[in-house]
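Notes for the one structure printed next.
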Amino acid sequence: MLSDKMQEALNTQLNKEMYSAYLYMAMSAYSSYTGLKGFANWFMVQYQEEMLHAMKIYSYINDQGGQVKLAAIEQPATEFESPLDMFEKTLAHEKFITKSINELVDLAIVEKDHATNIFLQWYVTEQIEEEGNDNEIIARLKLVGEDGNGLLMVDKELAARVFTPPAASEGD
Ligand code: OFO
């Protein structure tokens, strides 16, 4: 069972995850537009991951007998300065999400809501991976700098990313 406060906080997080999906879809669209198919692929996989994050919360609220309440999703930017700009904005956004998840865990602890606390641990771990991926790609993009060939090499690497749906036991 969820308290009203926890239900509202989870619905807010659901909206943030939907915005994350929308943001990375916007980055994928812009990457396609600028001819960087590998970047477009990476961000589209990220979009899929974010939809998974959102749907896990959706299912959890339902499973707990709570009410899912959908709110408007903020419009993301439509243009970006460079691939590095996109990844710096991605990292900044993920830090914001990490803070938000940590605050949810704090609330679960205060409310002695053990089920939600356990549920949120998956997100705590996921955020380590998300920030790690972004840091790694930012480092590579900084090494490449203005070198077009280097950028195309990174693009080729990012083209290899595939979305792996989680096993049934961890997916819902
Ligand atoms: Fe990118 O982790 Fe969800 O939002």
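Quick note on naming: the chains in the structure tokens go A, B, ... in the order shown, residues restart at 1 in each chain, and ligands are numbered from 1 in order of appearance.
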DSSP helix (DSSP H, G or I) selection over chain A, as a PyMOL selection string: chain A and resi 4-33+37-63+83-110+114-144+148-158+168-171
Within 10 Å of ligand 1 (only C-alpha atoms and all ligand atoms), residues as number ranges by chain: A: 13-21, 23-24, 46-47, 49-54, 90-91, 93-98, 100-101, 123-124, 126-131
Nearest to A:Val105, chosen from A:Asp147, A:Leu158, A:Ala139, A:Met6, with only C-alpha atoms counted in the distances: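 Distance minimum relative to A:Val105 lands on A:Met6.
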Among the residues A:Leu107, A:Ser82, A:Thr34, A:Trp122, the one that comes closest to A:Glu146 [using only C-alpha atoms]: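 For A:Glu146, the nearest of the given residues is A:Ser82.
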Nearest residue to A:Met1 from the set A:Lys142, A:Arg161, A:Lys112, A:Lys156 (distances using only C-alpha atoms):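 Looking only at the distances to A:Met1, the closest residue turns out to be A:Lys112.
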8 Å contact set for A:Met86, only C-alpha atoms, chain neighbours under 5 positions out, as a list in words: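 My reading of the contact set: Met27, Phe80 and Glu81 of chain A.
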Selection to disk with C-alpha atoms, as a PDB file, in the first residue's frame:
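Contents of selection05.pdb, freshly written:
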ATOM      1  CA  MET A  27      18.481  13.845 -29.406  1.00  0.00           C
ATOM      2  CA  PHE A  80      21.860  20.821 -30.014  1.00  0.00           C
ATOM      3  CA  GLU A  81      25.264  22.394 -30.523  1.00  0.00           C
TER       4      GLU A  81
END
A:Gln64, A:Ser3, A:Asn133, A:Ser32 ranked by distance to A:Phe119, top pick (using only C-alpha atoms): A:Gln64
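All residues of protein, DNA or RNA that reach within 12 Å of A:Ile138, judged by only C-alpha atoms and not counting those fewer than 2 positions away in the chain, are Ser82, Pro83, Leu84, Asp85, Met86, Phe87, Glu88, Lys89, Thr90, Leu91, Ala92, Glu131, Gly132, Asn133, Asp134, Asn135, Glu136, Arg140, Leu141, Lys142, Leu143, Val144, Gly145, Leu151 and Val154 of chain A.
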Take the residues from that selection and write them out as a JSON list (two decimals), in the first residue's frame, keeping C-alpha atoms.
[["chain", "number", "residue", "atom", "x", "y", "z"],
["A", 82, "SER", "CA", 27.23, 19.18, -31.06],
["A", 83, "PRO", "CA", 27.40, 15.50, -30.07],
["A", 84, "LEU", "CA", 29.43, 16.56, -27.02],
["A", 85, "ASP", "CA", 26.71, 19.06, -26.09],
["A", 86, "MET", "CA", 24.11, 16.27, -26.27],
["A", 87, "PHE", "CA", 26.10, 14.00, -23.99],
["A", 88, "GLU", "CA", 26.90, 16.77, -21.52],
["A", 89, "LYS", "CA", 23.19, 17.55, -21.35],
["A", 90, "THR", "CA", 22.46, 13.83, -20.99],
["A", 91, "LEU", "CA", 24.87, 13.54, -18.04],
["A", 92, "ALA", "CA", 23.44, 16.68, -16.40],
["A", 131, "GLU", "CA", 26.15, 8.12, -15.44],
["A", 132, "GLY", "CA", 29.10, 5.80, -16.11],
["A", 133, "ASN", "CA", 28.12, 5.34, -19.77],
["A", 134, "ASP", "CA", 27.73, 9.09, -20.26],
["A", 135, "ASN", "CA", 31.07, 9.89, -18.60],
["A", 136, "GLU", "CA", 32.82, 7.36, -20.83],
["A", 140, "ARG", "CA", 35.98, 9.94, -25.84],
["A", 141, "LEU", "CA", 34.28, 12.91, -27.50],
["A", 142, "LYS", "CA", 36.69, 15.28, -25.75],
["A", 143, "LEU", "CA", 39.65, 13.24, -27.04],
["A", 144, "VAL", "CA", 38.24, 13.39, -30.58],
["A", 145, "GLY", "CA", 37.68, 17.16, -30.44],
["A", 151, "LEU", "CA", 33.74, 11.54, -34.64],
["A", 154, "VAL", "CA", 32.63, 7.10, -32.31]]
Atom pair atom CA of A:Asp155 / atom CA of A:Ala26: separation (Å): 17.2 Å
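The two atoms in question, atom CA of A:Met153 and atom CA of A:Ala77, are spaced 25.9 Å apart.
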Straight-line distance linking atom CA of A:Phe43 with atom CA of A:Ser31, stated in Å to one decimal: 8.5 Å
Residue neighbourhood A:Gln7, 9 Å, only C-alpha atoms, exclusion window fewer than 6 positions, as a ChimeraX atom specification: /A:61,66-68
Nearest to A:Lys5 by atom-to-atom distance, counting only C-alpha atoms, from A:Glu111, A:Glu157, A:Glu103, A:Glu79: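 Of A:Glu111, A:Glu157, A:Glu103, A:Glu79, the one nearest A:Lys5 is A:Glu111, counting only C-alpha atoms.
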